[in-house]
Amino acid sequence: MRDVATLLEALPYIREFHGKTIVIKYGGAAMEDPALREEFARNVVLLKYVGLNPIVVHGGGPEISAYMERLGLPVEFVGGLRVSSEGTVEVAKMVLVGKVNKEIVLRLNRHGQPAVGLCGDDGLLFRVARRPAPGGEDIGFVGRIERVNVGVIEHVGSDYIPVIASVGADRDGHSYNVNADEAAGAVAGAIGPYKVIFLTDVAGWLADPGDPASLIRRASAAQVEDALSKLDGGMRPKLAACVEAINAGVSAAHIIDGRNAHSLLLELFTDDGIGTKIAAAEP
């Protein structure tokens, strides 16, 4: 009976979301733990089967760092963004496009839905320009997405699950590393999905990063913008991407705990949801 009650609780949400597009930023433990990788693929495939149109945007920070360390390249972050030399970008493209992206595609295929891997170079999907860190430091070949070629995603998404790696190039063909949270926010802002969801390794946005009980369940985009100048580390680009998506017209952005095997389904299909929800209006 508990399982039946769960299905009945999900029904109105499945009806509401049917035919809607959602952008999912995939990263953290959900990408690193073998069991969580399988559950994520199953969850995304389930979303497709019940009528949603998921778009997956991913990074691969820990794997990039591991390969850089093997090659003797320095690993450094400023304001949650990876400092990127030309060598760093070369490693990032090899890892993200050649390895991580294809592994995600293969898992989705194996669990029952065809997926297609993309990166910013494919079909001129991303037009990128060099960007400074939040404090104005030079962090090398780190890009900000100036334009998303929506037609590429729509064309692929009509028949497949798009899986997008967060790298791109500028007008002159120079490659850039792009923060995956920012890439997901840019894709969401351009596509106009019903929701954008960020998987991370904490319960959501915490008022006190050291206290898991300080979870902020709901916030407005204005409240997040006011807080951004006081934030540092990996949560800052996630929250900034949420604000970008909301300001572009997305109805809601969510930051959820990817360490929970079914956090995606719990957020979408249960009354309570989990994590932090950010919307345009006051909560």
# chains A, B, ... in the order shown; residues from 1 in each chain; ligands from 1

call {"tool": "residues_around", "arguments": {"residues": "Asp232 (chain A)", "least_positions_apart": "6", "cutoff": "12 Å", "atoms": "only C-alpha atoms", "output": "PyMOL selection string"}}
result
chain A and resi 77-81+133-135+209+238-240

call {"tool": "write_last_selection", "arguments": {"atoms": "all heavy atoms", "output": "mmCIF file, in the first residue's frame"}}
result
data_model
loop_
_atom_site.group_PDB
_atom_site.id
_atom_site.type_symbol
_atom_site.label_atom_id
_atom_site.label_comp_id
_atom_site.auth_asym_id
_atom_site.auth_seq_id
_atom_site.Cartn_x
_atom_site.Cartn_y
_atom_site.Cartn_z
ATOM 1 N N PHE A 77 41.737 26.492 -7.996
ATOM 2 C CA PHE A 77 40.411 27.068 -8.174
ATOM 3 C C PHE A 77 40.376 28.474 -7.583
ATOM 4 O O PHE A 77 40.990 28.737 -6.555
ATOM 5 C CB PHE A 77 39.343 26.207 -7.499
ATOM 6 C CG PHE A 77 39.117 24.873 -8.160
ATOM 7 C CD1 PHE A 77 39.909 23.785 -7.825
ATOM 8 C CD2 PHE A 77 38.139 24.717 -9.120
ATOM 9 C CE1 PHE A 77 39.722 22.550 -8.431
ATOM 10 C CE2 PHE A 77 37.939 23.490 -9.731
ATOM 11 C CZ PHE A 77 38.733 22.406 -9.388
ATOM 12 N N VAL A 78 39.617 29.352 -8.244
ATOM 13 C CA VAL A 78 39.379 30.705 -7.740
ATOM 14 C C VAL A 78 37.879 30.967 -7.840
ATOM 15 O O VAL A 78 37.302 30.891 -8.928
ATOM 16 C CB VAL A 78 40.149 31.767 -8.552
ATOM 17 C CG1 VAL A 78 39.741 33.166 -8.114
ATOM 18 C CG2 VAL A 78 41.653 31.580 -8.395
ATOM 19 N N GLY A 79 37.241 31.250 -6.708
ATOM 20 C CA GLY A 79 35.803 31.513 -6.722
ATOM 21 C C GLY A 79 34.989 30.362 -7.259
ATOM 22 O O GLY A 79 33.930 30.559 -7.865
ATOM 23 N N GLY A 80 35.442 29.134 -7.019
ATOM 24 C CA GLY A 80 34.726 27.958 -7.492
ATOM 25 C C GLY A 80 34.991 27.612 -8.942
ATOM 26 O O GLY A 80 34.429 26.648 -9.463
ATOM 27 N N LEU A 81 35.869 28.372 -9.627
ATOM 28 C CA LEU A 81 36.175 28.142 -11.037
ATOM 29 C C LEU A 81 37.598 27.622 -11.179
ATOM 30 O O LEU A 81 38.524 28.115 -10.523
ATOM 31 C CB LEU A 81 36.006 29.437 -11.846
ATOM 32 C CG LEU A 81 34.622 30.088 -11.776
ATOM 33 C CD1 LEU A 81 34.645 31.439 -12.485
ATOM 34 C CD2 LEU A 81 33.569 29.188 -12.413
ATOM 35 N N ALA A 133 37.558 35.817 -13.155
ATOM 36 C CA ALA A 133 36.951 35.296 -11.934
ATOM 37 C C ALA A 133 36.120 36.397 -11.277
ATOM 38 O O ALA A 133 36.247 37.578 -11.620
ATOM 39 C CB ALA A 133 38.042 34.808 -10.984
ATOM 40 N N PRO A 134 35.244 36.039 -10.330
ATOM 41 C CA PRO A 134 34.408 37.056 -9.673
ATOM 42 C C PRO A 134 35.208 38.214 -9.081
ATOM 43 O O PRO A 134 34.734 39.346 -9.044
ATOM 44 C CB PRO A 134 33.696 36.251 -8.574
ATOM 45 C CG PRO A 134 33.634 34.861 -9.112
ATOM 46 C CD PRO A 134 34.899 34.671 -9.900
ATOM 47 N N GLY A 135 36.454 37.958 -8.634
ATOM 48 C CA GLY A 135 37.269 39.025 -8.054
ATOM 49 C C GLY A 135 38.116 39.765 -9.059
ATOM 50 O O GLY A 135 38.901 40.638 -8.689
ATOM 51 N N PRO A 209 27.356 26.789 5.847
ATOM 52 C CA PRO A 209 27.908 25.638 5.119
ATOM 53 C C PRO A 209 28.367 24.494 6.007
ATOM 54 O O PRO A 209 28.429 23.345 5.557
ATOM 55 C CB PRO A 209 29.090 26.246 4.351
ATOM 56 C CG PRO A 209 28.745 27.687 4.203
ATOM 57 C CD PRO A 209 28.009 28.052 5.456
ATOM 58 N N LYS A 238 26.659 27.654 -8.723
ATOM 59 C CA LYS A 238 25.347 27.009 -8.811
ATOM 60 C C LYS A 238 24.236 28.027 -8.591
ATOM 61 O O LYS A 238 23.258 28.089 -9.345
ATOM 62 C CB LYS A 238 25.229 25.870 -7.789
ATOM 63 C CG LYS A 238 26.062 24.647 -8.111
ATOM 64 C CD LYS A 238 25.926 23.590 -7.039
ATOM 65 C CE LYS A 238 26.715 22.351 -7.419
ATOM 66 N NZ LYS A 238 28.158 22.607 -7.624
ATOM 67 N N LEU A 239 24.369 28.820 -7.533
ATOM 68 C CA LEU A 239 23.344 29.815 -7.238
ATOM 69 C C LEU A 239 23.292 30.892 -8.317
ATOM 70 O O LEU A 239 22.206 31.355 -8.699
ATOM 71 C CB LEU A 239 23.606 30.440 -5.869
ATOM 72 C CG LEU A 239 23.360 29.504 -4.671
ATOM 73 C CD1 LEU A 239 23.908 30.121 -3.393
ATOM 74 C CD2 LEU A 239 21.876 29.197 -4.527
ATOM 75 N N ALA A 240 24.459 31.300 -8.829
ATOM 76 C CA ALA A 240 24.473 32.288 -9.912
ATOM 77 C C ALA A 240 23.779 31.743 -11.154
ATOM 78 O O ALA A 240 23.046 32.471 -11.846
ATOM 79 C CB ALA A 240 25.914 32.681 -10.240
#

call {"tool": "select_by_dssp", "arguments": {"residues": "region 60-277 of chain A", "states": "strand (DSSP E)", "output": "ChimeraX atom specification"}}
result
/A:77-78,81-82,115-119,126-130,143-148,161-165,167-169,175-177,195-200,218-220,252-257,276-277

call {"tool": "residues_around", "arguments": {"residues": "Ala30 (chain A)", "least_positions_apart": "6", "cutoff": "8 Å", "atoms": "only C-alpha atoms", "output": "list in words"}}
result
Leu36, Arg37, Phe40, Leu199, Thr200, Gly258, Arg259 and Ala261 of chain A

call {"tool": "select_by_dssp", "arguments": {"residues": "region 101-208 of chain A", "states": "alpha helix (DSSP H)", "output": "ChimeraX atom specification"}}
result
/A:101-110,150-157,180-191

call {"tool": "closest_residue", "arguments": {"among": "A:Leu231, A:Val57, A:Ile104, A:Glu182", "to": "Asp208 (chain A)", "atoms": "only C-alpha atoms"}}
result
A:Leu231

call {"tool": "residues_around", "arguments": {"residues": "His262 (chain A)", "least_positions_apart": "2", "cutoff": "12 Å", "atoms": "only C-alpha atoms", "output": "PyMOL selection string"}}
result
chain A and resi 30+35-44+46-47+199+256-260+264-270+273-274

call {"tool": "residues_around", "arguments": {"residues": "Ile14 (chain A)", "least_positions_apart": "2", "cutoff": "9 Å", "atoms": "only C-alpha atoms", "output": "VMD selection string"}}
result
chain A and resid 10 to 12 16 to 18 47 50 to 52 268 to 269

call {"tool": "write_last_selection", "arguments": {"atoms": "all heavy atoms", "output": "mmCIF file, in the first residue's frame"}}
result
data_model
loop_
_atom_site.group_PDB
_atom_site.id
_atom_site.type_symbol
_atom_site.label_atom_id
_atom_site.label_comp_id
_atom_site.auth_asym_id
_atom_site.auth_seq_id
_atom_site.Cartn_x
_atom_site.Cartn_y
_atom_site.Cartn_z
ATOM 1 N N ALA A 10 2.597 10.734 -6.942
ATOM 2 C CA ALA A 10 3.350 11.182 -8.114
ATOM 3 C C ALA A 10 2.450 11.551 -9.287
ATOM 4 O O ALA A 10 2.849 12.351 -10.149
ATOM 5 C CB ALA A 10 4.328 10.083 -8.549
ATOM 6 N N LEU A 11 1.239 10.988 -9.328
ATOM 7 C CA LEU A 11 0.386 11.145 -10.513
ATOM 8 C C LEU A 11 0.143 12.593 -10.917
ATOM 9 O O LEU A 11 0.316 12.947 -12.094
ATOM 10 C CB LEU A 11 -0.945 10.413 -10.294
ATOM 11 C CG LEU A 11 -1.962 10.514 -11.441
ATOM 12 C CD1 LEU A 11 -1.369 9.959 -12.734
ATOM 13 C CD2 LEU A 11 -3.246 9.782 -11.074
ATOM 14 N N PRO A 12 -0.281 13.487 -10.015
ATOM 15 C CA PRO A 12 -0.531 14.870 -10.460
ATOM 16 C C PRO A 12 0.714 15.561 -10.995
ATOM 17 O O PRO A 12 0.627 16.405 -11.892
ATOM 18 C CB PRO A 12 -1.073 15.561 -9.206
ATOM 19 C CG PRO A 12 -0.680 14.698 -8.066
ATOM 20 C CD PRO A 12 -0.641 13.302 -8.585
ATOM 21 N N GLU A 16 1.297 17.116 -14.620
ATOM 22 C CA GLU A 16 1.726 18.510 -14.768
ATOM 23 C C GLU A 16 2.970 18.629 -15.646
ATOM 24 O O GLU A 16 3.084 19.552 -16.463
ATOM 25 C CB GLU A 16 2.023 19.112 -13.394
ATOM 26 C CG GLU A 16 2.523 20.542 -13.432
ATOM 27 C CD GLU A 16 2.923 21.071 -12.066
ATOM 28 O OE1 GLU A 16 2.676 20.365 -11.059
ATOM 29 O OE2 GLU A 16 3.483 22.183 -12.007
ATOM 30 N N PHE A 17 3.914 17.696 -15.490
ATOM 31 C CA PHE A 17 5.197 17.798 -16.181
ATOM 32 C C PHE A 17 5.202 17.128 -17.548
ATOM 33 O O PHE A 17 6.188 17.260 -18.281
ATOM 34 C CB PHE A 17 6.313 17.170 -15.332
ATOM 35 C CG PHE A 17 6.509 17.818 -13.992
ATOM 36 C CD1 PHE A 17 6.960 17.079 -12.909
ATOM 37 C CD2 PHE A 17 6.237 19.163 -13.797
ATOM 38 C CE1 PHE A 17 7.144 17.667 -11.670
ATOM 39 C CE2 PHE A 17 6.413 19.767 -12.562
ATOM 40 C CZ PHE A 17 6.862 19.021 -11.500
ATOM 41 N N HIS A 18 4.135 16.411 -17.895
ATOM 42 C CA HIS A 18 4.129 15.676 -19.159
ATOM 43 C C HIS A 18 4.365 16.633 -20.343
ATOM 44 O O HIS A 18 3.713 17.666 -20.468
ATOM 45 C CB HIS A 18 2.791 14.956 -19.359
ATOM 46 C CG HIS A 18 2.786 14.051 -20.551
ATOM 47 N ND1 HIS A 18 3.266 12.765 -20.516
ATOM 48 C CD2 HIS A 18 2.380 14.261 -21.830
ATOM 49 C CE1 HIS A 18 3.154 12.210 -21.710
ATOM 50 N NE2 HIS A 18 2.623 13.095 -22.516
ATOM 51 N N LEU A 47 12.138 9.400 -16.426
ATOM 52 C CA LEU A 47 11.546 10.693 -16.769
ATOM 53 C C LEU A 47 11.129 10.729 -18.235
ATOM 54 O O LEU A 47 10.051 11.235 -18.579
ATOM 55 C CB LEU A 47 12.543 11.821 -16.485
ATOM 56 C CG LEU A 47 12.970 12.037 -15.035
ATOM 57 C CD1 LEU A 47 13.944 13.211 -14.943
ATOM 58 C CD2 LEU A 47 11.764 12.264 -14.136
ATOM 59 N N VAL A 50 7.922 8.644 -18.846
ATOM 60 C CA VAL A 50 6.653 9.198 -18.368
ATOM 61 C C VAL A 50 6.321 10.529 -19.040
ATOM 62 O O VAL A 50 5.391 11.216 -18.619
ATOM 63 C CB VAL A 50 6.627 9.357 -16.829
ATOM 64 C CG1 VAL A 50 6.775 8.008 -16.157
ATOM 65 C CG2 VAL A 50 7.687 10.333 -16.346
ATOM 66 N N GLY A 51 7.088 10.902 -20.077
ATOM 67 C CA GLY A 51 6.673 12.016 -20.912
ATOM 68 C C GLY A 51 7.422 13.310 -20.739
ATOM 69 O O GLY A 51 7.068 14.312 -21.372
ATOM 70 N N LEU A 52 8.470 13.349 -19.893
ATOM 71 C CA LEU A 52 9.281 14.550 -19.789
ATOM 72 C C LEU A 52 10.388 14.519 -20.837
ATOM 73 O O LEU A 52 10.692 13.470 -21.405
ATOM 74 C CB LEU A 52 9.902 14.677 -18.397
ATOM 75 C CG LEU A 52 8.973 15.135 -17.266
ATOM 76 C CD1 LEU A 52 8.095 14.013 -16.782
ATOM 77 C CD2 LEU A 52 9.800 15.682 -16.093
ATOM 78 N N LEU A 268 10.885 15.957 -8.031
ATOM 79 C CA LEU A 268 9.879 16.207 -9.057
ATOM 80 C C LEU A 268 8.506 15.643 -8.710
ATOM 81 O O LEU A 268 7.486 16.257 -9.024
ATOM 82 C CB LEU A 268 10.345 15.609 -10.394
ATOM 83 C CG LEU A 268 11.481 16.337 -11.098
ATOM 84 C CD1 LEU A 268 12.005 15.504 -12.262
ATOM 85 C CD2 LEU A 268 11.017 17.706 -11.596
ATOM 86 N N PHE A 269 8.458 14.483 -8.046
ATOM 87 C CA PHE A 269 7.209 13.729 -7.981
ATOM 88 C C PHE A 269 6.644 13.527 -6.579
ATOM 89 O O PHE A 269 5.732 12.721 -6.408
ATOM 90 C CB PHE A 269 7.400 12.358 -8.638
ATOM 91 C CG PHE A 269 7.721 12.423 -10.111
ATOM 92 C CD1 PHE A 269 8.619 11.532 -10.667
ATOM 93 C CD2 PHE A 269 7.135 13.363 -10.938
ATOM 94 C CE1 PHE A 269 8.926 11.575 -12.014
ATOM 95 C CE2 PHE A 269 7.431 13.422 -12.293
ATOM 96 C CZ PHE A 269 8.330 12.529 -12.836
#

call {"tool": "atom_distance", "arguments": {"atom1": "CA of Gly123 (chain A)", "atom2": "CA of Gly249 (chain A)"}}
result
24.8 Å

call {"tool": "atom_distance", "arguments": {"atom1": "CA of Ile22 (chain A)", "atom2": "CA of Ala222 (chain A)"}}
result
22.3 Å

call {"tool": "residues_around", "arguments": {"residues": "His174 (chain A)", "least_positions_apart": "5", "cutoff": "9 Å", "atoms": "only C-alpha atoms", "output": "list in words"}}
result
Phe141, Gly168 and Ala169 of chain A

call {"tool": "residues_around", "arguments": {"residues": "Val91 (chain A)", "least_positions_apart": "4", "cutoff": "10 Å", "atoms": "only C-alpha atoms", "output": "PyMOL selection string"}}
result
chain A and resi 63-65+67-68+71+73+84-87+95-97+177

call {"tool": "closest_residue", "arguments": {"among": "A:Leu106, A:Ser175, A:Ser214, A:Tyr49", "to": "Glu90 (chain A)", "atoms": "only C-alpha atoms"}}
result
A:Ser175

call {"tool": "closest_residue", "arguments": {"among": "A:Val187, A:Val89, A:Val105, A:Cys242", "to": "Gly140 (chain A)", "atoms": "only C-alpha atoms"}}
result
A:Val89
